[in-house]
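Enquirer: I have a structure I would like to understand better, so I am pasting it below and will then ask my questions one at a time.
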Amino acid sequence: MDQAPPKEVAIIGAGLSGLSLALTLHAHSIPCTIYEIRQKSYDIGGGIMLSPNALRVLDALKVYERIRTKGYNFEHSDFKNEQGETTGTYYFGHAQLYGYKALRIYRQTLIEELRAMCEEKGITIHYEKKFTGVISETAEDVKFELADGSVITASLLIGADGIHSKVRQYIIPGAAPKYSGFMAISAAVSKADLEFPSEWDTSCPISISAKAGAFILAPQGVHGEEFLAGTQRPFPEKDRLGWEQLAASKTELLAMLRQNQDSWPEFVQSIMKAIKPESVGIWPFYAIPKLEKWASSSSRVIIVGDAAHAIPPTAGQGVNQAFEDVYSLGLLLSNLSSKSPLEAALKFWQTYREERVGKVLALTHQMNTLRLPAEERAKAMKDTAWDESRVSGADGQLRWLYEPVLDDVVSEWVARQ
């Protein structure tokens, strides 16, 4: 089996990674079935930033044409100081330079579109099906069990089950996400409730640096009628129940967001006053330490996306890298042969993806530095060497990030075998 495309792939997780993986496999005539622990009606909420590298994948899967008008299209983000002066620019996309503008879209909107496409193509999605563990692997297939007692056999089992992946525990027992020590506190605010300085460009995300750190504003909704507003702060780690309880304590979160309010510029203070408790949420920043392997010893069990390499959200690349994962993996699986068997393909895939993710993590670290409180930021900048002329992307410097031609990458590897 490892010398031909798989006959049946089981996918754990019907989130963005799992659904897009299913569409990729279907495009290459590889049958697959998705198993999702949650109910179909579950809404994870929030918005995500899609950059040209992800949009190129979604375009190839015929998804982009269905979502382009369902989110907010923009190109750059501005950095501002306490006086409101623009001190830098970062391009999340650019139609001329990188082929696509960036797209900020509600996560649930994208999930619903991907799910609809899967249903249209006859891809089966089983909801309320909890993966409990792998029973056995052979040279031909993998056998696994669900909480309802069902035992299922497939050619491959792919875990697209997120940062707390149960599938990852089978591949590397004990591997767990590590807390960064920071969490984001943010809220959705109507643009109509905000009074921007007249000279500001409000068509793009804005990061306002101050003594207390950085305050982020990101337009969302099809017409930018709403803004995500928030900041990040150090916070002690909690267990899963603790985070859930904190997330439910809306009044406490709003008070936390408004702490040291006087240390922010007046405009940020006005935003804090406009935020309503019910709209406040948190995002603890977790990451996955570099893993030795993304596949089991027999190559029958594989992990993708946040299960393999959760990335902090600063550069907006978490889900974008997941889309690269699943698309490149699908291409490789469709090209399996005696010259390019499964084990070799997975080894190449992990090496290629780790190199990409490593560069993204370095960029993320640089951008995180820009969001530190002023004193910490000045100290850290000596080590991170942020160079806008090299990093902002205004002159095409981010082609390495936004223009990977994954079809060519895979085709060239296959040709070398």
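Residue names in the structure tokens use chain letters A, B, ... in the order shown, residue numbers from 1 in each chain, and ligand numbers from 1 in the order shown.
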If we count only C-alpha atoms, what is near His26 in chain A at a cut-off of 8 Å, once residues fewer than 5 positions away on the same chain are taken out, given as a list in words?

Expert: Pro31, Cys32, Lys121 and Ile123 of chain A

Enquirer: May I have the residues from that selection written out with all heavy atoms, as a tab-separated table (two decimals), in the first residue's frame?

Expert:
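Saved to again-v4.tsv:
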```tsv
chain	number	residue	atom	x	y	z
A	31	PRO	N	-10.33	8.39	-1.38
A	31	PRO	CA	-11.50	8.36	-0.50
A	31	PRO	C	-11.12	8.68	0.95
A	31	PRO	O	-10.05	8.29	1.42
A	31	PRO	CB	-12.02	6.93	-0.62
A	31	PRO	CG	-11.41	6.40	-1.89
A	31	PRO	CD	-10.08	7.07	-2.00
A	32	CYS	N	-12.00	9.38	1.64
A	32	CYS	CA	-11.73	9.70	3.04
A	32	CYS	C	-13.03	9.87	3.82
A	32	CYS	O	-14.09	10.13	3.23
A	32	CYS	CB	-10.87	10.96	3.17
A	32	CYS	SG	-11.64	12.45	2.51
A	121	LYS	N	-19.58	17.03	-2.31
A	121	LYS	CA	-18.73	16.04	-2.97
A	121	LYS	C	-18.91	14.63	-2.40
A	121	LYS	O	-18.20	13.70	-2.78
A	121	LYS	CB	-17.26	16.47	-2.86
A	121	LYS	CG	-16.98	17.78	-3.58
A	121	LYS	CD	-15.55	18.24	-3.41
A	121	LYS	CE	-15.33	19.62	-4.03
A	121	LYS	NZ	-15.68	19.67	-5.46
A	123	ILE	N	-18.38	13.58	0.70
A	123	ILE	CA	-17.43	13.20	1.75
A	123	ILE	C	-18.20	13.05	3.06
A	123	ILE	O	-18.87	13.97	3.51
A	123	ILE	CB	-16.32	14.25	1.88
A	123	ILE	CG1	-15.53	14.36	0.57
A	123	ILE	CG2	-15.39	13.90	3.04
A	123	ILE	CD1	-14.57	15.54	0.54
```

Enquirer: Running DSSP on the backbone, which parts of range 113-267 of chain A land in strand (DSSP E or B), as a count of residues only?

Expert: 58

Enquirer: Which residues are near Phe227 in chain A? Cut-off 6 Å, only C-alpha atoms, ignore same chain within fewer than 6 positions. Put them as number ranges by chain.

Expert: A: 188-189, 218-220

Enquirer: If you keep N, CA and C atoms, can you produce a file of those selected residues as a PDB file, in the first residue's frame?

Expert:
```
ATOM      1  N   ALA A 188     -15.113  42.243  20.443  1.00  0.00           N
ATOM      2  CA  ALA A 188     -15.632  42.788  19.185  1.00  0.00           C
ATOM      3  C   ALA A 188     -16.356  44.094  19.490  1.00  0.00           C
ATOM      4  N   VAL A 189     -16.009  45.147  18.738  1.00  0.00           N
ATOM      5  CA  VAL A 189     -16.589  46.471  18.957  1.00  0.00           C
ATOM      6  C   VAL A 189     -17.106  47.006  17.624  1.00  0.00           C
ATOM      7  N   ALA A 218      -8.429  45.339  14.597  1.00  0.00           N
ATOM      8  CA  ALA A 218      -8.495  44.655  13.299  1.00  0.00           C
ATOM      9  C   ALA A 218      -9.925  44.682  12.769  1.00  0.00           C
ATOM     10  N   PRO A 219     -10.138  45.325  11.619  1.00  0.00           N
ATOM     11  CA  PRO A 219     -11.491  45.361  11.064  1.00  0.00           C
ATOM     12  C   PRO A 219     -11.955  43.962  10.652  1.00  0.00           C
ATOM     13  N   GLN A 220     -13.225  43.687  10.851  1.00  0.00           N
ATOM     14  CA  GLN A 220     -13.790  42.402  10.451  1.00  0.00           C
ATOM     15  C   GLN A 220     -15.254  42.598  10.075  1.00  0.00           C
TER      16      GLN A 220
END
```

Enquirer: Near Lys7 in chain A, within 12 Å and counting only C-alpha atoms, which residues show up once chain neighbours fewer than 6 positions away are dropped, as a list in words?

Expert: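 Near neighbours after the sequence-gap exclusion: Met1, Leu25, His26, His28, Ser29, Ile30, Pro31, Cys32, Thr33, Glu140, Asp141, Thr153, Ala154, Ser155, Leu156, Leu157, Leu333, Ser334 and Leu336 of chain A.
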
Enquirer: Using only C-alpha atoms, which residues sit within 12 Å of Leu58 in chain A once same-chain residues fewer than 6 positions away are excluded, as a compact mmCIF listing (two decimals) with C-alpha atoms, in the first residue's frame?

Expert:
```
# COMPACT_ATOMS: atom_id res chain seq x y z
CA LEU A 16 -10.30 23.85 9.15
CA SER A 17 -7.40 21.39 8.76
CA LEU A 19 -12.11 19.68 6.14
CA SER A 20 -9.48 21.15 3.80
CA LEU A 21 -7.51 17.90 3.94
CA LEU A 23 -11.15 18.34 -0.06
CA THR A 24 -7.51 17.95 -1.07
CA LEU A 50 -5.82 34.33 5.69
CA SER A 51 -2.70 35.36 3.80
CA PRO A 52 -1.79 34.69 0.14
CA TYR A 64 -11.52 31.01 -2.47
CA GLU A 65 -14.13 32.01 -5.04
CA ARG A 66 -16.83 31.08 -2.51
CA ILE A 67 -15.40 32.97 0.48
CA ARG A 68 -13.72 36.05 -1.02
CA TYR A 100 -4.02 38.07 -3.24
CA LEU A 103 -8.77 38.07 4.01
CA LEU A 110 -15.10 29.35 6.56
CA GLU A 113 -18.26 26.74 3.49
CA LEU A 114 -15.69 23.93 3.67
CA MET A 117 -18.23 21.63 -0.18
CA VAL A 319 -4.13 28.33 10.12
CA ASN A 320 -2.23 29.42 7.01
CA ALA A 322 -2.09 24.23 8.44
CA PHE A 323 -3.49 24.73 4.94
CA GLU A 324 0.02 24.33 3.54
CA VAL A 326 -2.71 19.41 4.27
CA TYR A 327 -2.34 20.50 0.65
```

Enquirer: Running DSSP on the backbone, which parts of range 83-298 of chain A land in alpha helix (DSSP H), as a short mmCIF file (atom, residue, chain, number, x, y, z; two decimals) with all heavy atoms, in the first residue's frame?

Expert:
```cif
data_model
loop_
_atom_site.label_atom_id
_atom_site.label_comp_id
_atom_site.auth_asym_id
_atom_site.auth_seq_id
_atom_site.Cartn_x
_atom_site.Cartn_y
_atom_site.Cartn_z
N ALA A 95 -2.43 42.38 -3.62
CA ALA A 95 -2.92 41.81 -4.87
C ALA A 95 -1.86 41.79 -5.96
O ALA A 95 -1.70 40.79 -6.67
CB ALA A 95 -4.15 42.59 -5.34
N GLN A 96 -1.10 42.89 -6.09
CA GLN A 96 -0.10 42.96 -7.15
C GLN A 96 1.17 42.20 -6.79
O GLN A 96 1.73 41.46 -7.61
CB GLN A 96 0.24 44.43 -7.46
CG GLN A 96 -0.78 45.15 -8.33
CD GLN A 96 -2.11 45.38 -7.61
OE1 GLN A 96 -2.11 45.84 -6.47
NE2 GLN A 96 -3.20 45.05 -8.25
N LEU A 97 1.65 42.38 -5.56
CA LEU A 97 2.91 41.76 -5.17
C LEU A 97 2.80 40.26 -4.94
O LEU A 97 3.69 39.49 -5.32
CB LEU A 97 3.42 42.42 -3.88
CG LEU A 97 4.00 43.82 -4.00
CD1 LEU A 97 4.31 44.37 -2.61
CD2 LEU A 97 5.27 43.82 -4.85
N TYR A 98 1.70 39.83 -4.31
CA TYR A 98 1.60 38.44 -3.88
C TYR A 98 0.41 37.68 -4.44
O TYR A 98 0.18 36.54 -4.08
CB TYR A 98 1.56 38.39 -2.34
CG TYR A 98 2.73 39.09 -1.69
CD1 TYR A 98 2.53 40.17 -0.83
CD2 TYR A 98 4.04 38.70 -1.95
CE1 TYR A 98 3.61 40.83 -0.24
CE2 TYR A 98 5.12 39.34 -1.36
CZ TYR A 98 4.89 40.42 -0.51
OH TYR A 98 5.97 41.06 0.06
N ARG A 107 -14.16 32.45 11.55
CA ARG A 107 -13.79 31.04 11.46
C ARG A 107 -15.00 30.18 11.10
O ARG A 107 -14.90 29.28 10.26
CB ARG A 107 -13.20 30.58 12.79
CG ARG A 107 -12.72 29.13 12.81
CD ARG A 107 -12.22 28.75 14.18
NE ARG A 107 -11.04 29.50 14.54
CZ ARG A 107 -9.80 29.08 14.32
NH1 ARG A 107 -9.59 27.91 13.74
NH2 ARG A 107 -8.76 29.82 14.68
N GLN A 108 -16.14 30.46 11.73
CA GLN A 108 -17.31 29.63 11.48
C GLN A 108 -17.81 29.77 10.04
O GLN A 108 -18.29 28.80 9.44
CB GLN A 108 -18.44 29.99 12.46
CG GLN A 108 -19.62 29.04 12.46
CD GLN A 108 -19.25 27.63 12.89
OE1 GLN A 108 -18.23 27.42 13.55
NE2 GLN A 108 -20.07 26.66 12.54
N THR A 109 -17.68 30.96 9.46
CA THR A 109 -18.08 31.16 8.06
C THR A 109 -17.27 30.26 7.14
O THR A 109 -17.81 29.62 6.23
CB THR A 109 -17.87 32.63 7.65
OG1 THR A 109 -18.70 33.47 8.48
CG2 THR A 109 -18.23 32.86 6.19
N LEU A 110 -15.96 30.19 7.38
CA LEU A 110 -15.10 29.35 6.56
C LEU A 110 -15.39 27.87 6.79
O LEU A 110 -15.45 27.08 5.83
CB LEU A 110 -13.63 29.66 6.84
CG LEU A 110 -12.59 28.87 6.05
CD1 LEU A 110 -12.86 28.95 4.55
CD2 LEU A 110 -11.18 29.36 6.38
N ILE A 111 -15.58 27.48 8.04
CA ILE A 111 -15.89 26.09 8.34
C ILE A 111 -17.18 25.66 7.64
O ILE A 111 -17.25 24.58 7.04
CB ILE A 111 -15.99 25.86 9.86
CG1 ILE A 111 -14.59 25.80 10.47
CG2 ILE A 111 -16.76 24.57 10.18
CD1 ILE A 111 -14.57 25.62 11.96
N GLU A 112 -18.18 26.51 7.69
CA GLU A 112 -19.46 26.16 7.05
C GLU A 112 -19.32 26.01 5.54
O GLU A 112 -19.95 25.15 4.93
CB GLU A 112 -20.51 27.21 7.40
CG GLU A 112 -20.96 27.14 8.86
CD GLU A 112 -21.91 28.25 9.26
OE1 GLU A 112 -22.21 29.11 8.39
OE2 GLU A 112 -22.35 28.27 10.43
N GLU A 113 -18.46 26.83 4.94
CA GLU A 113 -18.26 26.74 3.49
C GLU A 113 -17.50 25.46 3.14
O GLU A 113 -17.84 24.76 2.18
CB GLU A 113 -17.51 27.97 3.00
CG GLU A 113 -17.74 28.30 1.54
CD GLU A 113 -19.19 28.64 1.22
OE1 GLU A 113 -19.75 29.55 1.85
OE2 GLU A 113 -19.76 27.96 0.33
N LEU A 114 -16.45 25.16 3.90
CA LEU A 114 -15.69 23.93 3.67
C LEU A 114 -16.57 22.71 3.89
O LEU A 114 -16.53 21.75 3.11
CB LEU A 114 -14.48 23.88 4.60
CG LEU A 114 -13.36 24.90 4.36
CD1 LEU A 114 -12.35 24.85 5.49
CD2 LEU A 114 -12.67 24.64 3.03
N ARG A 115 -17.38 22.75 4.93
CA ARG A 115 -18.28 21.63 5.23
C ARG A 115 -19.29 21.44 4.09
O ARG A 115 -19.55 20.31 3.67
CB ARG A 115 -19.01 21.90 6.54
CG ARG A 115 -19.97 20.80 6.96
CD ARG A 115 -20.86 21.30 8.08
NE ARG A 115 -20.10 21.62 9.27
CZ ARG A 115 -20.49 22.52 10.18
NH1 ARG A 115 -21.60 23.19 10.01
NH2 ARG A 115 -19.75 22.72 11.26
N ALA A 116 -19.83 22.54 3.60
CA ALA A 116 -20.80 22.45 2.50
C ALA A 116 -20.16 21.82 1.27
O ALA A 116 -20.77 20.99 0.58
CB ALA A 116 -21.35 23.84 2.17
N MET A 117 -18.92 22.19 0.98
CA MET A 117 -18.23 21.63 -0.18
C MET A 117 -17.98 20.13 0.02
O MET A 117 -18.10 19.35 -0.93
CB MET A 117 -16.91 22.37 -0.42
CG MET A 117 -17.10 23.79 -0.90
SD MET A 117 -15.55 24.61 -1.37
CE MET A 117 -15.10 23.70 -2.85
N CYS A 118 -17.61 19.74 1.24
CA CYS A 118 -17.43 18.31 1.51
C CYS A 118 -18.74 17.55 1.28
O CYS A 118 -18.75 16.48 0.67
CB CYS A 118 -16.94 18.10 2.94
SG CYS A 118 -15.21 18.51 3.22
N GLU A 119 -19.82 18.10 1.77
CA GLU A 119 -21.12 17.44 1.61
C GLU A 119 -21.51 17.36 0.14
O GLU A 119 -22.05 16.35 -0.32
CB GLU A 119 -22.17 18.18 2.43
CG GLU A 119 -21.94 18.04 3.94
CD GLU A 119 -22.87 18.92 4.77
OE1 GLU A 119 -23.58 19.77 4.17
OE2 GLU A 119 -22.88 18.77 6.01
N GLU A 120 -21.23 18.42 -0.61
CA GLU A 120 -21.54 18.43 -2.04
C GLU A 120 -20.78 17.34 -2.78
O GLU A 120 -21.26 16.78 -3.76
CB GLU A 120 -21.20 19.80 -2.64
CG GLU A 120 -22.13 20.91 -2.21
CD GLU A 120 -21.56 22.29 -2.51
OE1 GLU A 120 -20.56 22.36 -3.28
OE2 GLU A 120 -22.08 23.28 -1.98
N LYS A 166 -5.33 14.11 20.43
CA LYS A 166 -5.30 12.74 20.98
C LYS A 166 -4.46 11.84 20.07
O LYS A 166 -3.80 10.92 20.54
CB LYS A 166 -6.72 12.22 21.08
CG LYS A 166 -6.87 10.84 21.68
CD LYS A 166 -6.82 10.88 23.18
CE LYS A 166 -7.17 9.52 23.77
NZ LYS A 166 -7.11 9.51 25.25
N VAL A 167 -4.48 12.10 18.77
CA VAL A 167 -3.71 11.30 17.83
C VAL A 167 -2.21 11.49 18.08
O VAL A 167 -1.43 10.54 18.01
CB VAL A 167 -4.07 11.64 16.37
CG1 VAL A 167 -3.23 10.83 15.39
CG2 VAL A 167 -5.56 11.40 16.12
N ARG A 168 -1.81 12.74 18.40
CA ARG A 168 -0.39 13.00 18.67
C ARG A 168 0.10 12.16 19.85
O ARG A 168 1.25 11.73 19.87
CB ARG A 168 -0.19 14.49 18.96
CG ARG A 168 1.28 14.85 19.21
CD ARG A 168 1.47 16.33 19.52
NE ARG A 168 0.79 16.73 20.74
CZ ARG A 168 -0.13 17.69 20.80
NH1 ARG A 168 -0.49 18.35 19.72
NH2 ARG A 168 -0.71 17.98 21.95
N GLN A 169 -0.76 11.93 20.82
CA GLN A 169 -0.37 11.15 21.99
C GLN A 169 0.02 9.72 21.63
O GLN A 169 0.83 9.10 22.30
CB GLN A 169 -1.49 11.15 23.03
CG GLN A 169 -1.70 12.49 23.71
CD GLN A 169 -0.43 13.00 24.37
OE1 GLN A 169 0.22 12.30 25.15
NE2 GLN A 169 -0.04 14.23 24.04
N TYR A 170 -0.57 9.21 20.56
CA TYR A 170 -0.20 7.87 20.09
C TYR A 170 1.18 7.89 19.45
O TYR A 170 1.99 6.99 19.66
CB TYR A 170 -1.23 7.35 19.09
CG TYR A 170 -0.80 6.07 18.41
CD1 TYR A 170 -0.81 4.86 19.09
CD2 TYR A 170 -0.33 6.09 17.09
CE1 TYR A 170 -0.37 3.68 18.48
CE2 TYR A 170 0.09 4.92 16.47
CZ TYR A 170 0.07 3.72 17.16
OH TYR A 170 0.50 2.57 16.56
N ILE A 171 1.46 8.92 18.66
CA ILE A 171 2.75 9.00 17.96
C ILE A 171 3.89 9.31 18.91
O ILE A 171 4.95 8.68 18.88
CB ILE A 171 2.68 10.06 16.83
CG1 ILE A 171 1.63 9.65 15.79
CG2 ILE A 171 4.04 10.26 16.17
CD1 ILE A 171 1.37 10.72 14.74
N ARG A 240 -7.45 23.23 31.94
CA ARG A 240 -8.50 23.45 30.95
C ARG A 240 -9.77 24.00 31.59
O ARG A 240 -10.39 24.93 31.06
CB ARG A 240 -8.80 22.12 30.23
CG ARG A 240 -9.53 22.31 28.91
CD ARG A 240 -9.35 21.11 28.02
NE ARG A 240 -9.85 21.35 26.68
CZ ARG A 240 -9.63 20.54 25.66
NH1 ARG A 240 -8.90 19.45 25.83
NH2 ARG A 240 -10.11 20.82 24.47
N LEU A 241 -10.16 23.45 32.75
CA LEU A 241 -11.35 23.94 33.45
C LEU A 241 -11.15 25.38 33.90
O LEU A 241 -12.07 26.21 33.80
CB LEU A 241 -11.67 23.04 34.64
CG LEU A 241 -12.87 23.47 35.51
CD1 LEU A 241 -14.15 23.50 34.67
CD2 LEU A 241 -13.03 22.52 36.70
N GLY A 242 -9.95 25.69 34.37
CA GLY A 242 -9.66 27.05 34.82
C GLY A 242 -9.78 28.07 33.71
O GLY A 242 -10.34 29.16 33.90
N TRP A 243 -9.27 27.72 32.53
CA TRP A 243 -9.40 28.62 31.38
C TRP A 243 -10.87 28.80 31.00
O TRP A 243 -11.30 29.92 30.68
CB TRP A 243 -8.63 28.08 30.18
CG TRP A 243 -7.13 28.20 30.24
CD1 TRP A 243 -6.21 27.20 30.12
CD2 TRP A 243 -6.36 29.40 30.42
NE1 TRP A 243 -4.94 27.67 30.21
CE2 TRP A 243 -4.98 29.03 30.39
CE3 TRP A 243 -6.69 30.74 30.61
CZ2 TRP A 243 -3.96 29.95 30.54
CZ3 TRP A 243 -5.66 31.67 30.76
CH2 TRP A 243 -4.32 31.28 30.72
N GLU A 244 -11.62 27.72 31.02
CA GLU A 244 -13.05 27.80 30.68
C GLU A 244 -13.80 28.70 31.67
O GLU A 244 -14.65 29.50 31.27
CB GLU A 244 -13.66 26.41 30.66
CG GLU A 244 -13.18 25.54 29.49
CD GLU A 244 -13.68 24.11 29.58
OE1 GLU A 244 -14.37 23.77 30.57
OE2 GLU A 244 -13.38 23.32 28.64
N GLN A 245 -13.47 28.57 32.95
CA GLN A 245 -14.12 29.40 33.96
C GLN A 245 -13.75 30.87 33.79
O GLN A 245 -14.60 31.76 33.92
CB GLN A 245 -13.75 28.91 35.36
CG GLN A 245 -14.34 27.55 35.70
CD GLN A 245 -13.83 26.99 37.01
OE1 GLN A 245 -12.75 27.37 37.48
NE2 GLN A 245 -14.58 26.09 37.61
N LEU A 246 -12.48 31.13 33.48
CA LEU A 246 -12.05 32.51 33.26
C LEU A 246 -12.75 33.09 32.04
O LEU A 246 -13.21 34.25 32.06
CB LEU A 246 -10.53 32.56 33.08
CG LEU A 246 -9.94 33.96 32.83
CD1 LEU A 246 -10.21 34.88 34.01
CD2 LEU A 246 -8.43 33.87 32.57
N ALA A 247 -12.83 32.30 30.97
CA ALA A 247 -13.49 32.77 29.74
C ALA A 247 -14.95 33.13 29.99
O ALA A 247 -15.51 34.01 29.31
CB ALA A 247 -13.37 31.72 28.65
N ALA A 248 -15.56 32.46 30.93
CA ALA A 248 -16.98 32.72 31.23
C ALA A 248 -17.18 33.91 32.16
O ALA A 248 -18.30 34.42 32.29
CB ALA A 248 -17.61 31.47 31.86
N LYS A 250 -17.02 37.22 32.26
CA LYS A 250 -16.91 38.37 31.36
C LYS A 250 -16.60 39.68 32.09
O LYS A 250 -15.78 40.48 31.62
CB LYS A 250 -18.21 38.51 30.57
CG LYS A 250 -18.58 37.29 29.73
CD LYS A 250 -17.56 37.02 28.65
CE LYS A 250 -18.00 35.89 27.73
NZ LYS A 250 -17.01 35.61 26.67
N THR A 251 -17.25 39.91 33.21
CA THR A 251 -17.01 41.16 33.95
C THR A 251 -15.57 41.22 34.45
O THR A 251 -14.90 42.26 34.39
CB THR A 251 -17.99 41.28 35.13
OG1 THR A 251 -19.33 41.21 34.62
CG2 THR A 251 -17.79 42.60 35.86
N GLU A 252 -15.06 40.10 34.94
CA GLU A 252 -13.68 40.02 35.41
C GLU A 252 -12.71 40.29 34.26
O GLU A 252 -11.70 40.99 34.42
CB GLU A 252 -13.41 38.65 36.02
CG GLU A 252 -12.00 38.46 36.53
CD GLU A 252 -11.72 37.05 37.03
OE1 GLU A 252 -12.68 36.25 37.14
OE2 GLU A 252 -10.54 36.74 37.30
N LEU A 253 -13.00 39.72 33.10
CA LEU A 253 -12.12 39.92 31.95
C LEU A 253 -12.09 41.37 31.50
O LEU A 253 -11.04 41.91 31.15
CB LEU A 253 -12.57 39.02 30.78
CG LEU A 253 -12.33 37.52 30.94
CD1 LEU A 253 -12.89 36.77 29.74
CD2 LEU A 253 -10.84 37.23 31.08
N LEU A 254 -13.26 42.02 31.50
CA LEU A 254 -13.30 43.42 31.09
C LEU A 254 -12.50 44.27 32.07
O LEU A 254 -11.75 45.18 31.65
CB LEU A 254 -14.74 43.90 31.01
CG LEU A 254 -14.93 45.35 30.54
CD1 LEU A 254 -14.24 45.59 29.20
CD2 LEU A 254 -16.41 45.71 30.46
N ALA A 255 -12.62 43.99 33.36
CA ALA A 255 -11.84 44.73 34.36
C ALA A 255 -10.35 44.50 34.14
O ALA A 255 -9.52 45.42 34.27
CB ALA A 255 -12.25 44.28 35.77
N MET A 256 -9.98 43.27 33.76
CA MET A 256 -8.59 42.94 33.49
C MET A 256 -8.09 43.70 32.26
O MET A 256 -6.97 44.22 32.24
CB MET A 256 -8.49 41.43 33.26
CG MET A 256 -7.12 40.83 33.50
SD MET A 256 -7.12 39.05 33.19
CE MET A 256 -8.23 38.50 34.48
N LEU A 257 -8.93 43.78 31.24
CA LEU A 257 -8.56 44.50 30.01
C LEU A 257 -8.35 45.98 30.31
O LEU A 257 -7.48 46.63 29.70
CB LEU A 257 -9.66 44.31 28.96
CG LEU A 257 -9.46 44.99 27.61
CD1 LEU A 257 -8.19 44.49 26.93
CD2 LEU A 257 -10.67 44.75 26.71
N GLU A 266 -5.24 58.20 24.89
CA GLU A 266 -6.66 58.54 25.08
C GLU A 266 -7.56 57.77 24.13
O GLU A 266 -8.66 57.34 24.52
CB GLU A 266 -6.88 60.05 24.91
CG GLU A 266 -6.34 60.87 26.07
CD GLU A 266 -6.71 62.34 25.94
OE1 GLU A 266 -7.55 62.68 25.07
OE2 GLU A 266 -6.17 63.16 26.72
N PHE A 267 -7.12 57.58 22.90
CA PHE A 267 -7.96 56.88 21.94
C PHE A 267 -8.20 55.44 22.39
O PHE A 267 -9.32 54.92 22.31
CB PHE A 267 -7.32 56.89 20.55
CG PHE A 267 -8.03 56.04 19.54
CD1 PHE A 267 -9.34 56.31 19.18
CD2 PHE A 267 -7.42 54.93 18.97
CE1 PHE A 267 -10.02 55.51 18.27
CE2 PHE A 267 -8.08 54.12 18.07
CZ PHE A 267 -9.40 54.43 17.72
N VAL A 268 -7.15 54.77 22.87
CA VAL A 268 -7.30 53.39 23.36
C VAL A 268 -8.21 53.38 24.58
O VAL A 268 -9.06 52.49 24.73
CB VAL A 268 -5.93 52.78 23.69
CG1 VAL A 268 -6.10 51.41 24.36
CG2 VAL A 268 -5.08 52.65 22.44
N GLN A 269 -8.08 54.37 25.45
CA GLN A 269 -8.96 54.45 26.62
C GLN A 269 -10.43 54.55 26.19
O GLN A 269 -11.31 53.94 26.80
CB GLN A 269 -8.58 55.65 27.48
CG GLN A 269 -7.22 55.53 28.15
CD GLN A 269 -6.91 56.71 29.05
OE1 GLN A 269 -7.79 57.17 29.79
NE2 GLN A 269 -5.69 57.20 29.00
N SER A 270 -10.68 55.31 25.13
CA SER A 270 -12.07 55.46 24.65
C SER A 270 -12.61 54.13 24.12
O SER A 270 -13.80 53.83 24.26
CB SER A 270 -12.15 56.54 23.57
OG SER A 270 -11.53 56.11 22.36
N ILE A 271 -11.72 53.33 23.51
CA ILE A 271 -12.14 52.01 23.02
C ILE A 271 -12.48 51.11 24.20
O ILE A 271 -13.51 50.42 24.20
CB ILE A 271 -11.01 51.36 22.19
CG1 ILE A 271 -10.69 52.20 20.95
CG2 ILE A 271 -11.41 49.94 21.77
CD1 ILE A 271 -9.47 51.74 20.21
N MET A 272 -11.63 51.12 25.22
CA MET A 272 -11.88 50.30 26.40
C MET A 272 -13.23 50.63 27.03
O MET A 272 -13.95 49.74 27.49
CB MET A 272 -10.75 50.50 27.41
CG MET A 272 -9.41 49.91 26.97
SD MET A 272 -8.10 50.22 28.18
CE MET A 272 -6.80 49.16 27.56
N LYS A 273 -13.58 51.90 27.05
CA LYS A 273 -14.86 52.31 27.61
C LYS A 273 -16.04 51.84 26.76
O LYS A 273 -17.14 51.61 27.27
CB LYS A 273 -14.90 53.83 27.76
CG LYS A 273 -13.93 54.37 28.81
CD LYS A 273 -13.91 55.89 28.82
CE LYS A 273 -12.89 56.42 29.82
NZ LYS A 273 -12.79 57.90 29.79
N ALA A 274 -15.80 51.66 25.46
CA ALA A 274 -16.88 51.26 24.55
C ALA A 274 -17.12 49.75 24.54
O ALA A 274 -18.15 49.29 24.03
CB ALA A 274 -16.55 51.74 23.13
#
```

Enquirer: Rank A:Phe144, A:Leu361, A:Leu342, A:Glu355 by their smallest atom-to-atom distance to Ala4 in chain A, using only C-alpha atoms, and report the top residue only.

Expert: A:Leu342

Enquirer: Expressed in Å to a single decimal, how great is the separation between CA of Phe131 in chain A and CA of Lys178 in chain A?

Expert: 22.8 Å

Enquirer: Extract, using only C-alpha atoms, all DNA, RNA and protein residues at most 8 Å from Gly224 in chain A, discarding same-chain residues fewer than 6 positions from it, and format them as a CSV table (one decimal) with N, CA, C and O atoms, in the first residue's frame.

Expert:
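Result saved to result_21.csv:
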```
chain,number,residue,atom,x,y,z
A,72,TYR,N,-13.4,40.3,5.1
A,72,TYR,CA,-12.9,41.6,4.9
A,72,TYR,C,-11.5,41.5,4.2
A,72,TYR,O,-10.6,40.9,4.7
A,191,LYS,N,-17.7,49.5,14.7
A,191,LYS,CA,-17.0,50.7,14.3
A,191,LYS,C,-17.7,52.0,14.6
A,191,LYS,O,-17.1,53.0,14.8
A,203,SER,N,-8.9,51.4,7.3
A,203,SER,CA,-9.3,50.3,6.4
A,203,SER,C,-8.3,49.1,6.7
A,203,SER,O,-8.5,48.0,6.0
```

Enquirer: Could you tell me which of A:Pro312, A:Ala147, A:Thr132, A:Trp294 comes closest to Gly181 in chain A if we count only C-alpha atoms?

Expert: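 Ranking A:Pro312, A:Ala147, A:Thr132, A:Trp294 by distance to Gly181 in chain A, first place goes to A:Pro312.
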